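Undergrad: There's a structure below that I have some questions on.
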Amino acid sequence: MNEQGIRATAGWRRAARAVGVVAGVVQAHVLSAAPAKPATKLVNVADTRDMVPGLGRWLADVYNENLWWYGAIVVVTMVVMGVGLGLVVDRLVGLLGIDLGKLKHHE
Amino acid sequence: MDWFTIYLPIAGIHFNVLVLLLIGFTVGVCGGFFGIGGAWIVTPALNIFGFPMPYAIGTDLAHMGGKSIVSTMRHGKFGNVDLKLGVSMILGTTVGMELGATLVMALERAGLAESYIRTAYIIFLTAIGSYVLYDYIQHTRRQRVLVAQPGGAAPTESFAQRLQRVHIPPMIHCRASGVTCSLWLPVLVGLTTGIVAAVLGVGGGFIRMPALIYLVGCPTAVAVGTDLFEVMITGAYGAFTYGVKGRVELLAAIWMLFGAAAGAQLGTVAVKYVRGYSIRLLFAVTIFIACASVIFKQLGWQFVSSVTILTAGVAISSVILWWLVRGVRDERRARRSSSELGF
């Protein structure tokens, strides 16, 4: 082999060693990132970045800040809406002329 | 259609408001008519339209609480809610659900939860649907015999009537249902249905309603109203617990409740125009369709399962609304002809 060939071979060997070192570092990094135990649960966050101010934005902010408060708002909203809508639709159905008094049970 | 699309920040998706209104309305009609929560319609319906499953369950429970208030108020005015019976059953159901949850944990530790629960769900649905259908057929046969031979043999005592005669103090009289029995009867029925509901992972309305009819001896309409009272309590509890876990998309629940309120009122009023055994027949059909949907799901046909239950929900609510329209029309005709005759 002439001098040029020897230099080229040495260059390839240096490159191969460098690649091996880098591969070793990357492999070590990947292996250390693999979880030894299950990952802890991520916290759910409502994305409000593109939301305009309003009911939806306010609910999302409450959700992000305090889930206990959010849970209370869910129950109170459903109860208040249930009672309010119940009274309203009851009136509307009554306007249809249906007798809404006590039922006689017929099996 | 984009005008009706809103952003739901907690579930992190865009959703069509008209779909929420339609789902709410459909399950409201069925819920008000049968006395059930309807989670087995709502949850797959929301999921098939893109709702993540944990949020579908939590959102459904939240709206179920509000919807059941609407139905319970109307059934209460009809005289269909037996508070004493409902409270007695809630005591049993609460304990039953805790025991059921403990049983599920034990099955899970033994590695048997998946297979046992899956099989138990299908068996229960088939058994309930079959018994209700059998009862309807027997009733129809008895009616034909009575028409052919008026004043024939006296009807035999039902199983519920036999249970009512068991005298273990304290004895209670439930005015709305006309049942006098030991307090332990509704408590034990609630306990049993609570265990079954917790093991199957369901609210239990479709178990409690027939249990009230066949084990406690309630008239069908009172079983429907009283069961809705219980669904109201469990729905409110579910709304809070899932809300605190961050799994309720309140905006979606609000829109669904608008639809459900209208549907629940109509479904409840329809009870007025339908005889008890017709309610039972349609209930049996609904249970069989739910069973088919569960079987499809177990076979891995998730899409077929969801479409089956959605289509069935729309079809069944259409039948109920048709009964309502026909009943109102006949009532008006009767009123008009009696006013013409001068009564």
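Following the order of the structure tokens, first chain is A, next is B, and so on, with residues numbered from 1 inside each chain and ligands from 1 in the order they appear.
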For Phe229 (chain B), find every residue with an atom within 12 Å (counting only C-alpha atoms), except residues of its own chain fewer than 4 positions away, and show them as a PyMOL selection string.
TA: chain B and resi 31-32+35-37+64-76+80-90+205+208-209+222-225+233-236
Undergrad: Find the residues in chain B near chain A: any atom within 6 Å counts, using only C-alpha atoms. Write them as a PyMOL selection string.
TA: chain B and resi 9-10+66+69-70+78-79+239-240+243-244+275-277
Undergrad: Restrict the selected residues to N, CA and C atoms and save them as a PDB file, in the first residue's frame.
TA:
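Result saved to result-v8.pdb:
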ATOM      1  N   PRO B   9     -62.358  22.608  26.016  1.00  0.00           N
ATOM      2  CA  PRO B   9     -60.958  22.711  26.465  1.00  0.00           C
ATOM      3  C   PRO B   9     -60.502  21.568  27.365  1.00  0.00           C
ATOM      4  N   ILE B  10     -61.419  20.974  28.119  1.00  0.00           N
ATOM      5  CA  ILE B  10     -60.989  19.959  29.078  1.00  0.00           C
ATOM      6  C   ILE B  10     -60.754  18.627  28.381  1.00  0.00           C
ATOM      7  N   GLY B  66     -78.234  15.644  36.262  1.00  0.00           N
ATOM      8  CA  GLY B  66     -79.151  16.735  35.953  1.00  0.00           C
ATOM      9  C   GLY B  66     -80.402  16.253  35.242  1.00  0.00           C
ATOM     10  N   ILE B  69     -82.957  14.607  37.487  1.00  0.00           N
ATOM     11  CA  ILE B  69     -83.731  15.567  38.284  1.00  0.00           C
ATOM     12  C   ILE B  69     -84.989  15.957  37.518  1.00  0.00           C
ATOM     13  N   VAL B  70     -84.843  16.235  36.226  1.00  0.00           N
ATOM     14  CA  VAL B  70     -85.992  16.609  35.388  1.00  0.00           C
ATOM     15  C   VAL B  70     -87.039  15.501  35.395  1.00  0.00           C
ATOM     16  N   PHE B  78     -96.533  12.982  38.927  1.00  0.00           N
ATOM     17  CA  PHE B  78     -97.453  11.921  38.498  1.00  0.00           C
ATOM     18  C   PHE B  78     -97.772  10.972  39.655  1.00  0.00           C
ATOM     19  N   GLY B  79     -97.017  11.058  40.748  1.00  0.00           N
ATOM     20  CA  GLY B  79     -97.215  10.132  41.863  1.00  0.00           C
ATOM     21  C   GLY B  79     -96.456   8.833  41.684  1.00  0.00           C
ATOM     22  N   ALA B 239     -70.986  12.685  39.335  1.00  0.00           N
ATOM     23  CA  ALA B 239     -70.574  13.973  38.776  1.00  0.00           C
ATOM     24  C   ALA B 239     -69.458  14.585  39.615  1.00  0.00           C
ATOM     25  N   PHE B 240     -69.608  14.524  40.943  1.00  0.00           N
ATOM     26  CA  PHE B 240     -68.600  15.107  41.824  1.00  0.00           C
ATOM     27  C   PHE B 240     -67.293  14.327  41.763  1.00  0.00           C
ATOM     28  N   GLY B 243     -65.681  14.774  38.496  1.00  0.00           N
ATOM     29  CA  GLY B 243     -65.281  16.176  38.355  1.00  0.00           C
ATOM     30  C   GLY B 243     -63.971  16.448  39.064  1.00  0.00           C
ATOM     31  N   VAL B 244     -63.850  15.919  40.286  1.00  0.00           N
ATOM     32  CA  VAL B 244     -62.627  16.100  41.067  1.00  0.00           C
ATOM     33  C   VAL B 244     -61.443  15.380  40.410  1.00  0.00           C
ATOM     34  N   ARG B 275     -99.463   1.294  28.733  1.00  0.00           N
ATOM     35  CA  ARG B 275     -99.706   0.361  29.818  1.00  0.00           C
ATOM     36  C   ARG B 275     -98.387  -0.227  30.312  1.00  0.00           C
ATOM     37  N   GLY B 276     -98.385  -0.653  31.562  1.00  0.00           N
ATOM     38  CA  GLY B 276     -97.156  -1.139  32.200  1.00  0.00           C
ATOM     39  C   GLY B 276     -96.481  -2.259  31.429  1.00  0.00           C
ATOM     40  N   TYR B 277     -97.299  -3.201  30.905  1.00  0.00           N
ATOM     41  CA  TYR B 277     -96.692  -4.344  30.232  1.00  0.00           C
ATOM     42  C   TYR B 277     -96.085  -3.968  28.876  1.00  0.00           C
TER      43      TYR B 277
END
Undergrad: Write out as number ranges by chain all residues of region 37-266 of chain B that DSSP puts in strand (DSSP E or B) for this structure's backbone.
TA: B: 171-174, 179-182
Undergrad: Let me make sure I understand: among B:Gly129, B:Pro186, B:Gly259, B:Pro219, which one has the smallest atom-to-atom distance to Leu282 (chain B) if we use only C-alpha atoms?
TA: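 Among the listed residues, the smallest separation from Leu282 (chain B) belongs to B:Gly129.
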Undergrad: Extract, using only C-alpha atoms, all DNA, RNA and protein residues at most 8 Å from Ala290 (chain B), discarding same-chain residues fewer than 2 positions from it, and format them as a list of chain:residue names.
TA: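 Non-adjacent residues within range: B:Trp40, B:Leu125, B:Thr286, B:Ile287, B:Phe288, B:Ala292, B:Ser293, B:Val294, B:Ile309.
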Undergrad: Excluding Gly217 (chain B) and its own-chain neighbours fewer than 6 positions away, which residues fall within 10 Å of it when counting only C-alpha atoms? Please give them as JSON, numbers by chain.
TA: {"B": [158, 159, 160, 161, 162, 163, 164, 177, 178, 179, 180, 181, 210, 211, 223]}
Undergrad: Interatomic distance between CA of Leu18 (chain B) and CA of Val269 (chain B)?
TA: 23.9 Å
Undergrad: Write out as a PDB file with N, CA and C atoms, in the first residue's frame the residues lying within 9 Å of Ile128 (chain B), counting only C-alpha atoms and excluding same-chain residues fewer than 4 positions away.
TA:
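File written: selection07.pdb
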ATOM      1  N   ILE B 123     -74.561 -12.709  30.525  1.00  0.00           N
ATOM      2  CA  ILE B 123     -75.538 -13.602  31.162  1.00  0.00           C
ATOM      3  C   ILE B 123     -76.652 -12.785  31.815  1.00  0.00           C
ATOM      4  N   PHE B 124     -76.274 -11.738  32.535  1.00  0.00           N
ATOM      5  CA  PHE B 124     -77.271 -10.915  33.225  1.00  0.00           C
ATOM      6  C   PHE B 124     -78.232 -10.238  32.256  1.00  0.00           C
ATOM      7  N   VAL B 132     -88.212 -10.709  31.462  1.00  0.00           N
ATOM      8  CA  VAL B 132     -89.204  -9.658  31.221  1.00  0.00           C
ATOM      9  C   VAL B 132     -90.070 -10.034  30.014  1.00  0.00           C
ATOM     10  N   LEU B 133     -89.445 -10.583  28.977  1.00  0.00           N
ATOM     11  CA  LEU B 133     -90.200 -10.995  27.783  1.00  0.00           C
ATOM     12  C   LEU B 133     -91.137 -12.147  28.111  1.00  0.00           C
ATOM     13  N   PHE B 206     -80.918  -0.456  34.785  1.00  0.00           N
ATOM     14  CA  PHE B 206     -81.591  -1.526  34.039  1.00  0.00           C
ATOM     15  C   PHE B 206     -81.707  -2.809  34.868  1.00  0.00           C
ATOM     16  N   ILE B 207     -81.015  -2.862  36.036  1.00  0.00           N
ATOM     17  CA  ILE B 207     -81.157  -3.991  36.959  1.00  0.00           C
ATOM     18  C   ILE B 207     -82.198  -3.639  38.021  1.00  0.00           C
ATOM     19  N   PRO B 210     -86.365  -3.615  36.848  1.00  0.00           N
ATOM     20  CA  PRO B 210     -87.053  -4.906  36.933  1.00  0.00           C
ATOM     21  C   PRO B 210     -87.035  -5.503  38.344  1.00  0.00           C
ATOM     22  N   ALA B 284     -87.600  -5.049  27.432  1.00  0.00           N
ATOM     23  CA  ALA B 284     -86.947  -6.319  27.095  1.00  0.00           C
ATOM     24  C   ALA B 284     -86.215  -6.214  25.752  1.00  0.00           C
ATOM     25  N   ILE B 287     -83.037  -4.293  26.221  1.00  0.00           N
ATOM     26  CA  ILE B 287     -82.009  -5.085  26.908  1.00  0.00           C
ATOM     27  C   ILE B 287     -81.348  -6.058  25.940  1.00  0.00           C
ATOM     28  N   PHE B 288     -82.143  -6.692  25.063  1.00  0.00           N
ATOM     29  CA  PHE B 288     -81.572  -7.633  24.088  1.00  0.00           C
ATOM     30  C   PHE B 288     -80.625  -6.917  23.126  1.00  0.00           C
TER      31      PHE B 288
END
